[in-house]
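What follows is one structure encoded as structure tokens, with my remarks underneath.
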Number of protein chains: 2
Amino acid sequence: MPLDSNLDPATHKFNVVGTRPVRPDGIDKVTGRAKFGADAVAPGMLIGKVLRSPHAHAKIKSIDVSKAAKLPGVKAIVTRDDFKEREPSLRDVLWNVMARDKVFYDGHAVAAVAATSASVARKALKLIKVDYEILPHVTDVDEAMKPGAPLLHHDMITGGIDPAPKKASNVAYRHEFGHGDVEAGFKQADVIVERSFKTEATHQGYIEPHACLANVGPDGQGELWVCTQGHYMIRNVSAALLGMDVAKLRVTPSEIGGGFGGKTTVFIEPLALALSRKANRPVKMVMSREEVFRATGPTAASSMDIKIGVKKDGRITAGFADIRFTGGPFVGSLVDMGAMSAFAAYDLENCKAVGHDVVSNRPKLAAYRAPSAPMVAFGVESVLDELAKKIGMDPIDLRLKNAAKEGTKSSYGPKYNRIGLIECLQAAKKHPNYTAPLGPNQGRGMAAGFWFNFGGQTAVSLNVHIDGTVALTVGTVDIGGSRASMCLIAAEELGVPYEQVRTVTADTSSLGYNDITEGSRTTFSTGMATIEAARDCIGKLCGRAAKIWGIPPEAVVWEKGYAKPAGANAGNFEPLSLADIAKQAATTGGPIAGHSEINAEGAGVSFAVHLCDAEVDKETGRALVKRYTVIQDAGKAIHPSYVEGQYQGGAAQGIGWAINEGYIYGKDGRLQNPGFLDYRIPVCSDLPMIDTHIVEVPNPGHPYGVRGVGETSIVPPLAAVANAISAAASVRMTEIPMSPPVVLKAIESNGHKK
Amino acid sequence: MPLDSNLDPATHKFNVVGTRPVRPDGIDKVTGRAKFGADAVAPGMLIGKVLRSPHAHAKIKSIDVSKAAKLPGVKAIVTRDDFKEREPSLRDVLWNVMARDKVFYDGHAVAAVAATSASVARKALKLIKVDYEILPHVTDVDEAMKPGAPLLHHDMITGGIDPAPKKASNVAYRHEFGHGDVEAGFKQADVIVERSFKTEATHQGYIEPHACLANVGPDGQGELWVCTQGHYMIRNVSAALLGMDVAKLRVTPSEIGGGFGGKTTVFIEPLALALSRKANRPVKMVMSREEVFRATGPTAASSMDIKIGVKKDGRITAGFADIRFTGGPFVGSLVDMGAMSAFAAYDLENCKAVGHDVVSNRPKLAAYRAPSAPMVAFGVESVLDELAKKIGMDPIDLRLKNAAKEGTKSSYGPKYNRIGLIECLQAAKKHPNYTAPLGPNQGRGMAAGFWFNFGGQTAVSLNVHIDGTVALTVGTVDIGGSRASMCLIAAEELGVPYEQVRTVTADTSSLGYNDITEGSRTTFSTGMATIEAARDCIGKLCGRAAKIWGIPPEAVVWEKGYAKPAGANAGNFEPLSLADIAKQAATTGGPIAGHSEINAEGAGVSFAVHLCDAEVDKETGRALVKRYTVIQDAGKAIHPSYVEGQYQGGAAQGIGWAINEGYIYGKDGRLQNPGFLDYRIPVCSDLPMIDTHIVEVPNPGHPYGVRGVGETSIVPPLAAVANAISAAASVRMTEIPMSPPVVLKAIESNGHKK
């Protein structure tokens, strides 16, 4: 924590933090004035379109663009030949953006065209001749691991800590986490449950498709307007892929119509920049929904074996997880984070989680809200549910018995600081929804969830205007109401009303580097930098007051928006408000600002407990969530309404993942449901009102005690819903999505017995 | 000077400062990629148009917009009723933007319409019924001062230091500057010349008309894209006129197609914002050229009497100037600056300048490059030219004899610091153009010129990117190549190549307040803030190197782009380049930045000496400039090509003012030449190559010795050209523009004698 403060967030009476003002971007968004990715235009703008592979796996023997290039209105075409190989760390990103020797999945980009209209561009795509040599493919993670499976990379030798023979396979990496002696632990157990689970890939399903407008000149200077969670990332990666100076690419983020992790990498942006550079014209690209499904970054698909042993009193003696993730054709399925989080909610003597990072002919995954944790929690929390039933213990009590707390050595290494899992479990147990009566064919489930919070690089500037209003300039894209939260934090520090502060997201040339809005980092990190910048500014405001009064700066204190003499000895002066001082800025030294550049440390970890009541139609297998409750530790809720919104949003997405959503691959390896009619995310009428309960156990690593709240809410739902359906249908659910056929099959295979 | 530096700009060997690299905005501008005021569009955008007065002076009895409002496609109409009276300091700005009780000049705005197309908006203007009561008008400054002249304001009582009776007149203010005993001085003179002069108003003639795109929502938050010299000024003034919070209005400056002082105030911007707020749609407004001439801010028109006495040896014993300016219907003709600068080039014992600020039925003036000084220099330098001839002294020697120097008490008060007038005069005397042979009907003239430099409020941020390239974020609009100069200065400080730095002008929400780009302040002030920000950043870079090496920050020095251990005791480490340190930013503390917010003090004053050879066709009166030389003190030329460009540009505009340009009013008080065909600015073929010579006498108030260079070059031309024409035509020219009829009349009235 870089900030000096005597403030104890557990007892401090905040002034504006914790209130629920209207969000500053609200009216723009509901009236259509907000500008999203596709809303930018430039004089002379071309439209860019991408030719995509119709094959799941094929060698590209040749690409002939000559006919397309001759079509009137076509101004530029780029293929693999237009992208130089870059440093190894960028290779996979580059190969994903534009296929090189092979196409690795249905939808993989093969060429891109910029033309004077969308219809000309589409015509041109049809004139590009790609000669493919079709190869056998594999999309299932277990199939991909089998000996004899079609190999994606003949040079992929199992790495990591695996002592396996050095032989090409689809296993890119093996990760292992844990401590203690798992075998010895299982020997101490009275009851052991071991089960296998499987989950399909899901998509973030953001409303707004990827869109950008690129404009690069022959002098190598460029601009990019783009819908993204991280415009600095877009800039750095695009500049690296295109061989541009970072300083010469100015990236401005649009408003964002959802991201959830899916807009944390590049897809069309380097293509738009390359086309613009080649055509010397602005180029706009907007993905179709089908492209979003086929060629952006869904989650990994998973398969896993979970084994947990307990004493009769509920004490867990050992936990073991063998986890297999596939997240597309390149290393990086994020199975490591799955393995790290498997047992992270519990204080265990013996635990071990092994993760296999497996490549397959699916699109390269991107993050999706607490990436990896929901699938692994599905396995672990399902087994715990079964164990609780077996030993006749309340499932919350089982978790309470084993819950991680301050001082616990986590399953992935570090010891926990102050955390709030026990408080969440206690609140869940007391929650009326936990004891509400159930109807016929209904079952109740609960699950706990863990997720990391990130910190990261953050820059903030705060400028005081002549009328005393304040501009807070941040570099983190607002995906969940962070502008409102930052206004609250700045107003809290400065001692002014919320309405006096306006937060703006700056372009990459106007403010220092900021990491992506991801990892539940923004309210934590940008909040921390905002506090630091505000305190820097308060120091300057006091200095100006000192100058006005002719006393030393140390003799001035800042209290509730006013500079005051520090005690009677400092002199007798009327307090000066922020606006009073702002009015005199010119004559006291010029503009008044505060700045902060940090790599925010002290991010906490986050826990949630969810309660779910589900109803199952045993004839059709259709499961419906009838009641849902999110209890989560926010550390300190800056804007409680947005915290609740995050809780509800994560739960809604998790319920969709649990019941409705999932990639469906045909035998040809092509995605069969690349649209919202066939890939069915829940709509309002599919869901009950999601109840929320904010627990506040301050994170000691943040001056206000803030924890990230954006992701953890999607961790428990797969398990909570599965436990509820298992209870309602009297059969243990082990496959997700729990769509009607899956549930029906489980019921039938069980003969309606548990 | 807020900066600690041992650097002596007079002897320092600069590394990149003083070189002439390609300007970073060059290719964008010549290829049409640069976005100017009219290049912005927004979804749902309306077009705004202004209804303007056809009368020079009239009472507005009523405005009926009812018919216009009913026209399909009309979305908003604003009149005086939509603008509340604001604080007194804003009254004139408000009344100029939108006429209130009276229209004061031909072109004065009366109403504005926003409609779905330009043609609908134009149709709507025709449907607005304004009932005028036409009043007598006056446009000539001398006529306006006469008793019985039509009064613009019945409550305008002569103010200032005038002891005159308190009676309404068109004299808004009287200013007086000087020292010594002028009457006593004239008594000591051997020769006295007293003459009257008159100049017409000119327009800056920028290529790009005023243009903006406003977007204000019902929540009071707004954005404005605008062509201006000062987007922070636009924001503050517009917010004040419209009653908006400053923080809620984000103003982004476009590239600017010329300003020269004419884009330092608001015209259509508050109207566009008001229309947008009323229509709840984006509104774009672009002025026509006719509107620019009729309703923006030309210079004052002037009339003056100049009296100077000299000893036979050339020593000036006294100087007196009575100056009358009219700059439209409101107080503020800038005659005060004219009176201040009248004798500012000379070290005089006795001098006095009186300025009368006179209102008339002309558009409210705006600044035009060294506003006021060219007209007054025309008078003073013409009289000196005549005196030199009378006492048989070389005109440069006459100036050298009386030239202001370090320690001189200026005619407007302060003592001069180190200045370079003598060096300029000496360089002029030695210049080959001063002794080149003259052809038939040719004459040679010279003149000196003085102008102030401004400092002012300035904020700069400097951010280091991951690849070691650098973003310099400034808030001053680039009107003369300042982005190139700022790149040079940042590169100089950091010790990196020019190409490694990119300078970007930030919007008002992304950087602290910056004063307008005016008063030759930008290279001086933004340069000073850039140096400070770079040094702030170097401190941080050294701190990062210290962290990497595990030594104290004080043990690290920055040399030529590298952090090095400070001497052998500090340790033995390989120097780290800026890029080396940038790469490790994340692990050493986060983004690396430097910031500076200052109210720049230490701005110098600036002097120039111009030489002109003119040829006069005595039959037609047509005068042509055949040879022209600008010698000016730049203090330190950061980018010599742009310094030379400023010298040439100012001279070209001054020559146009001297010979071609001028507002022509009809008897009805309407402007008769509101277009480039009738208001004739010189084109290339009208002008010779303008030779330049940069003198460098460092300004002790700036770490590099910088003086402003943008304005002084327009001060001497009126006089230098007049002196040359007077010599060629053997008649003293006293009226500007010296168009063929004016010159012919002078020749004829003189019977071809001097």
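Following the order of the structure tokens, chains are lettered A, B, ..., residues in each are numbered from 1, and ligands are numbered from 1.
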- Message: Based on the backbone DSSP call, show me all residues of stretch 593-726 of chain B assigned strand (DSSP E or B), as number ranges by chain.
- Response: B: 593-600, 605-616, 623-633, 665, 671, 690-695
Selection from above, N, CA and C atoms, as a short mmCIF file (atom, residue, chain, number, x, y, z; two decimals), in the first residue's frame, can you write it?
```
data_model
loop_
_atom_site.label_atom_id
_atom_site.label_comp_id
_atom_site.auth_asym_id
_atom_site.auth_seq_id
_atom_site.Cartn_x
_atom_site.Cartn_y
_atom_site.Cartn_z
N ALA B 593 6.54 8.55 -15.57
CA ALA B 593 6.01 9.80 -16.13
C ALA B 593 6.68 10.99 -15.48
N GLY B 594 6.57 12.12 -16.15
CA GLY B 594 6.96 13.39 -15.56
C GLY B 594 5.85 14.39 -15.82
N HIS B 595 5.67 15.31 -14.89
CA HIS B 595 4.58 16.28 -15.03
C HIS B 595 5.08 17.68 -14.70
N SER B 596 4.41 18.64 -15.25
CA SER B 596 4.70 20.02 -14.89
C SER B 596 3.44 20.85 -15.04
N GLU B 597 3.14 21.62 -14.03
CA GLU B 597 2.09 22.64 -14.14
C GLU B 597 2.70 23.94 -13.68
N ILE B 598 2.71 24.93 -14.55
CA ILE B 598 3.34 26.20 -14.19
C ILE B 598 2.51 27.39 -14.67
N ASN B 599 2.77 28.51 -14.07
CA ASN B 599 2.38 29.77 -14.68
C ASN B 599 3.70 30.38 -15.11
N ALA B 600 4.05 30.19 -16.36
CA ALA B 600 5.41 30.48 -16.83
C ALA B 600 5.74 31.96 -16.68
N VAL B 605 11.11 40.08 -24.00
CA VAL B 605 10.48 40.90 -25.02
C VAL B 605 11.27 40.63 -26.29
N SER B 606 10.71 41.02 -27.40
CA SER B 606 11.27 40.59 -28.67
C SER B 606 11.39 41.78 -29.62
N PHE B 607 12.47 41.78 -30.38
CA PHE B 607 12.70 42.88 -31.32
C PHE B 607 13.04 42.34 -32.70
N ALA B 608 12.64 43.10 -33.70
CA ALA B 608 12.96 42.74 -35.07
C ALA B 608 13.32 44.00 -35.85
N VAL B 609 14.12 43.83 -36.86
CA VAL B 609 14.44 44.92 -37.79
C VAL B 609 14.17 44.41 -39.20
N HIS B 610 13.38 45.14 -39.96
CA HIS B 610 13.04 44.71 -41.31
C HIS B 610 13.60 45.69 -42.33
N LEU B 611 14.03 45.13 -43.46
CA LEU B 611 14.49 45.94 -44.59
C LEU B 611 13.56 45.67 -45.75
N CYS B 612 13.17 46.72 -46.45
CA CYS B 612 12.25 46.54 -47.56
C CYS B 612 12.67 47.40 -48.76
N ASP B 613 12.67 46.78 -49.93
CA ASP B 613 12.82 47.54 -51.17
C ASP B 613 11.49 47.47 -51.90
N ALA B 614 10.94 48.64 -52.23
CA ALA B 614 9.67 48.66 -52.93
C ALA B 614 9.82 49.40 -54.26
N GLU B 615 8.98 49.00 -55.19
CA GLU B 615 8.97 49.68 -56.49
C GLU B 615 7.58 50.24 -56.70
N VAL B 616 7.51 51.49 -57.15
CA VAL B 616 6.21 52.14 -57.31
C VAL B 616 6.00 52.52 -58.78
N ALA B 623 2.18 49.66 -55.89
CA ALA B 623 3.46 49.43 -55.22
C ALA B 623 3.71 47.93 -55.11
N LEU B 624 4.95 47.55 -55.34
CA LEU B 624 5.32 46.14 -55.21
C LEU B 624 6.56 46.02 -54.34
N VAL B 625 6.54 45.03 -53.46
CA VAL B 625 7.74 44.78 -52.65
C VAL B 625 8.68 43.90 -53.46
N LYS B 626 9.90 44.36 -53.66
CA LYS B 626 10.85 43.64 -54.53
C LYS B 626 11.88 42.84 -53.73
N ARG B 627 12.16 43.29 -52.54
CA ARG B 627 13.15 42.59 -51.70
C ARG B 627 12.74 42.84 -50.26
N TYR B 628 12.84 41.79 -49.44
CA TYR B 628 12.38 41.96 -48.06
C TYR B 628 13.24 41.10 -47.14
N THR B 629 13.66 41.68 -46.03
CA THR B 629 14.56 40.97 -45.12
C THR B 629 14.08 41.12 -43.68
N VAL B 630 13.99 39.99 -43.00
CA VAL B 630 13.59 39.99 -41.59
C VAL B 630 14.79 39.59 -40.74
N ILE B 631 15.11 40.45 -39.82
CA ILE B 631 16.19 40.15 -38.86
C ILE B 631 15.55 40.22 -37.49
N GLN B 632 15.61 39.12 -36.74
CA GLN B 632 14.87 39.09 -35.48
C GLN B 632 15.60 38.25 -34.46
N ASP B 633 15.46 38.65 -33.22
CA ASP B 633 16.08 37.92 -32.12
C ASP B 633 15.15 36.82 -31.65
N TYR B 665 -16.04 49.83 -45.87
CA TYR B 665 -17.43 50.00 -45.44
C TYR B 665 -18.17 50.93 -46.38
N LEU B 671 -20.18 45.91 -44.70
CA LEU B 671 -18.86 45.56 -45.25
C LEU B 671 -19.02 45.25 -46.73
N ILE B 690 11.22 36.05 -49.04
CA ILE B 690 11.51 36.88 -47.87
C ILE B 690 12.73 36.31 -47.16
N ASP B 691 13.79 37.11 -47.16
CA ASP B 691 15.04 36.64 -46.53
C ASP B 691 14.94 36.77 -45.03
N THR B 692 15.59 35.86 -44.34
CA THR B 692 15.54 35.88 -42.88
C THR B 692 16.94 35.75 -42.29
N HIS B 693 17.07 36.31 -41.14
CA HIS B 693 18.34 36.19 -40.40
C HIS B 693 17.99 36.07 -38.92
N ILE B 694 18.38 34.94 -38.35
CA ILE B 694 18.05 34.71 -36.93
C ILE B 694 19.18 35.23 -36.04
N VAL B 695 18.84 36.14 -35.16
CA VAL B 695 19.76 36.60 -34.13
C VAL B 695 19.43 35.83 -32.86
#
```
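Using only C-alpha atoms, the part of chain B that sits within 6 Å of chain A is made up of B:Ala247, B:Gln457, B:Asn463, B:Thr469, B:Val470, B:Ala471, B:Thr473, B:Arg502, B:Ala506, B:Ser509, B:Ser510, B:Gly512, B:Tyr513, B:Gly589, B:Gly590, B:Pro591, B:Glu597, B:Ile598, B:Asn599.
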Hey, can you spit out that residue selection with all heavy atoms as a compact mmCIF listing (two decimals), in the first residue's frame?
```
# COMPACT_ATOMS: atom_id res chain seq x y z
N ALA B 247 -16.07 21.03 -15.59
CA ALA B 247 -15.65 19.63 -15.69
C ALA B 247 -16.55 18.83 -16.61
O ALA B 247 -16.16 17.76 -17.08
CB ALA B 247 -15.63 18.99 -14.30
N GLN B 457 -0.29 30.14 -18.03
CA GLN B 457 -0.55 28.84 -17.42
C GLN B 457 -0.35 27.70 -18.43
O GLN B 457 -0.87 27.76 -19.54
CB GLN B 457 -1.97 28.79 -16.87
CG GLN B 457 -2.18 29.76 -15.72
CD GLN B 457 -3.44 29.44 -14.96
OE1 GLN B 457 -3.47 28.50 -14.18
NE2 GLN B 457 -4.48 30.20 -15.20
N ASN B 463 5.12 10.81 -20.81
CA ASN B 463 4.99 9.41 -20.44
C ASN B 463 5.94 8.55 -21.26
O ASN B 463 6.05 8.71 -22.47
CB ASN B 463 3.55 8.94 -20.67
CG ASN B 463 2.61 9.54 -19.65
OD1 ASN B 463 2.66 9.20 -18.48
ND2 ASN B 463 1.77 10.47 -20.09
N THR B 469 9.92 4.64 -26.45
CA THR B 469 9.43 5.85 -27.09
C THR B 469 8.66 6.66 -26.06
O THR B 469 8.26 6.13 -25.01
CB THR B 469 8.56 5.55 -28.33
OG1 THR B 469 7.46 4.72 -27.95
CG2 THR B 469 9.38 4.82 -29.39
N VAL B 470 8.47 7.93 -26.35
CA VAL B 470 8.00 8.86 -25.34
C VAL B 470 6.80 9.65 -25.87
O VAL B 470 6.83 10.14 -27.00
CB VAL B 470 9.13 9.84 -24.95
CG1 VAL B 470 8.61 10.93 -24.03
CG2 VAL B 470 10.27 9.07 -24.28
N ALA B 471 5.75 9.74 -25.07
CA ALA B 471 4.61 10.59 -25.40
C ALA B 471 4.71 11.87 -24.61
O ALA B 471 4.79 11.85 -23.39
CB ALA B 471 3.30 9.89 -25.04
N THR B 473 2.55 15.05 -23.76
CA THR B 473 1.17 15.48 -23.83
C THR B 473 1.11 16.96 -23.47
O THR B 473 1.43 17.32 -22.35
CB THR B 473 0.31 14.66 -22.85
OG1 THR B 473 0.67 13.29 -22.97
CG2 THR B 473 -1.16 14.83 -23.15
N ARG B 502 6.91 11.65 -29.39
CA ARG B 502 5.74 12.13 -30.13
C ARG B 502 4.93 13.07 -29.24
O ARG B 502 4.62 12.72 -28.10
CB ARG B 502 4.85 10.98 -30.57
CG ARG B 502 3.75 11.45 -31.52
CD ARG B 502 2.79 10.35 -31.88
NE ARG B 502 1.81 10.80 -32.85
CZ ARG B 502 0.61 10.27 -33.02
NH1 ARG B 502 0.25 9.23 -32.30
NH2 ARG B 502 -0.22 10.73 -33.91
N ALA B 506 -3.61 17.29 -26.01
CA ALA B 506 -4.68 16.57 -25.29
C ALA B 506 -5.96 17.40 -25.26
O ALA B 506 -5.94 18.61 -25.43
CB ALA B 506 -4.24 16.29 -23.86
N SER B 509 -10.10 17.42 -20.88
CA SER B 509 -10.36 16.54 -19.74
C SER B 509 -9.18 15.63 -19.44
O SER B 509 -9.22 14.86 -18.50
CB SER B 509 -11.60 15.68 -19.99
OG SER B 509 -12.74 16.50 -20.05
N SER B 510 -8.16 15.69 -20.27
CA SER B 510 -7.04 14.75 -20.12
C SER B 510 -5.77 15.39 -19.61
O SER B 510 -4.78 14.71 -19.41
CB SER B 510 -6.76 14.07 -21.47
OG SER B 510 -7.89 13.37 -21.92
N GLY B 512 -4.19 19.21 -17.45
CA GLY B 512 -4.51 20.44 -16.75
C GLY B 512 -4.62 21.64 -17.69
O GLY B 512 -4.26 21.56 -18.86
N TYR B 513 -5.10 22.72 -17.11
CA TYR B 513 -5.41 23.93 -17.87
C TYR B 513 -4.19 24.50 -18.60
O TYR B 513 -3.09 24.55 -18.07
CB TYR B 513 -5.95 24.99 -16.92
CG TYR B 513 -6.27 26.29 -17.61
CD1 TYR B 513 -7.46 26.44 -18.31
CD2 TYR B 513 -5.37 27.34 -17.60
CE1 TYR B 513 -7.74 27.61 -18.98
CE2 TYR B 513 -5.66 28.52 -18.26
CZ TYR B 513 -6.85 28.65 -18.95
OH TYR B 513 -7.12 29.81 -19.62
N GLY B 589 7.89 -0.43 -10.35
CA GLY B 589 7.00 0.53 -9.69
C GLY B 589 5.85 1.02 -10.54
O GLY B 589 5.05 1.82 -10.09
N GLY B 590 5.80 0.61 -11.81
CA GLY B 590 4.68 1.05 -12.65
C GLY B 590 5.09 2.06 -13.69
O GLY B 590 6.28 2.26 -13.94
N PRO B 591 4.10 2.69 -14.29
CA PRO B 591 4.36 3.63 -15.40
C PRO B 591 5.33 4.74 -14.97
O PRO B 591 5.31 5.19 -13.83
CB PRO B 591 2.98 4.21 -15.69
CG PRO B 591 1.99 3.26 -15.11
CD PRO B 591 2.66 2.61 -13.96
N GLU B 597 3.14 21.62 -14.03
CA GLU B 597 2.09 22.64 -14.14
C GLU B 597 2.70 23.94 -13.68
O GLU B 597 3.19 24.02 -12.54
CB GLU B 597 0.88 22.30 -13.25
CG GLU B 597 0.05 21.12 -13.74
CD GLU B 597 0.51 19.79 -13.17
OE1 GLU B 597 1.18 19.79 -12.12
OE2 GLU B 597 0.20 18.74 -13.76
N ILE B 598 2.71 24.93 -14.55
CA ILE B 598 3.34 26.20 -14.19
C ILE B 598 2.51 27.39 -14.67
O ILE B 598 1.66 27.25 -15.54
CB ILE B 598 4.76 26.33 -14.81
CG1 ILE B 598 4.70 26.16 -16.34
CG2 ILE B 598 5.71 25.34 -14.19
CD1 ILE B 598 6.03 26.47 -17.04
N ASN B 599 2.77 28.51 -14.07
CA ASN B 599 2.38 29.77 -14.68
C ASN B 599 3.70 30.38 -15.11
O ASN B 599 4.41 30.99 -14.31
CB ASN B 599 1.62 30.67 -13.71
CG ASN B 599 0.98 31.84 -14.43
OD1 ASN B 599 1.28 32.07 -15.60
ND2 ASN B 599 0.12 32.56 -13.76
```
- Query: Could you name the residues that touch A:Gly205 at 9 Å or less, counting only C-alpha atoms, but leaving out those on the same chain fewer than 6 positions away, as a PyMOL selection string?
  - Reply: chain A and resi 258-260+262+292-293+298+676+681
If you keep N, CA and C atoms, can you produce a file of those selected residues as a compact mmCIF listing (two decimals), in the first residue's frame?
```
# COMPACT_ATOMS: atom_id res chain seq x y z
N GLY A 258 -20.03 -4.30 -23.23
CA GLY A 258 -19.71 -5.59 -22.62
C GLY A 258 -18.37 -6.13 -23.08
N GLY A 259 -17.69 -6.80 -22.16
CA GLY A 259 -16.40 -7.40 -22.48
C GLY A 259 -16.23 -8.69 -21.69
N PHE A 260 -16.31 -8.59 -20.38
CA PHE A 260 -16.27 -9.75 -19.49
C PHE A 260 -14.99 -10.57 -19.65
N GLY A 262 -13.49 -10.91 -22.64
CA GLY A 262 -13.35 -11.25 -24.06
C GLY A 262 -12.73 -10.15 -24.89
N VAL A 292 -17.93 -13.23 -34.15
CA VAL A 292 -17.63 -13.17 -32.73
C VAL A 292 -17.62 -14.57 -32.13
N PHE A 293 -18.60 -15.38 -32.48
CA PHE A 293 -18.65 -16.73 -31.92
C PHE A 293 -17.53 -17.61 -32.46
N PRO A 298 -13.71 -17.64 -26.70
CA PRO A 298 -14.61 -18.20 -25.68
C PRO A 298 -13.77 -18.75 -24.52
N PHE A 676 -27.14 -16.08 -31.52
CA PHE A 676 -27.87 -16.03 -30.26
C PHE A 676 -29.16 -16.85 -30.28
N ILE A 681 -28.22 -17.52 -24.49
CA ILE A 681 -27.94 -16.94 -23.18
C ILE A 681 -29.27 -16.62 -22.51
```
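Shortest atom-to-atom contact with A:Ser360 among A:Ile655, A:Val130, A:Val138, A:Ala112: A:Val138, counting only C-alpha atoms.
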- Test item: residues at most 10 Å from A:Thr523, only C-alpha atoms, excluding those fewer than 5 positions along its chain, as a list in words: Gly455, Thr476, Asp478, Gly480, Gly481, Ser482, Arg483, Ser485, Met486, Ile489, Thr517, Met528, Ala529, Thr530, Ala637, Ile638, Val706, Arg707, Gly708, Val709 and Gly710 of chain A
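Shortest atom-to-atom contact with B:Gln653 among B:Thr199, B:Ser66, B:Thr116, B:Gln204: B:Gln204, counting only C-alpha atoms.
The smallest atom-to-atom distance between A:Ala366 and any of A:Val283, A:Leu541, A:Ile479, A:Val93, using only C-alpha atoms, is found for A:Val93.
Excluding B:Glu735 itself and any same-chain residue fewer than 6 positions from it, the protein and nucleic acid residues within 8 Å of it, counting only C-alpha atoms, are Phe197, Lys198, Thr199 and Val742 of chain B.
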- Task: Could you please determine the separation between atom CA of B:Gln426 and atom CA of B:Tyr647 in Å, to one decimal place?
- Result: 18.0 Å
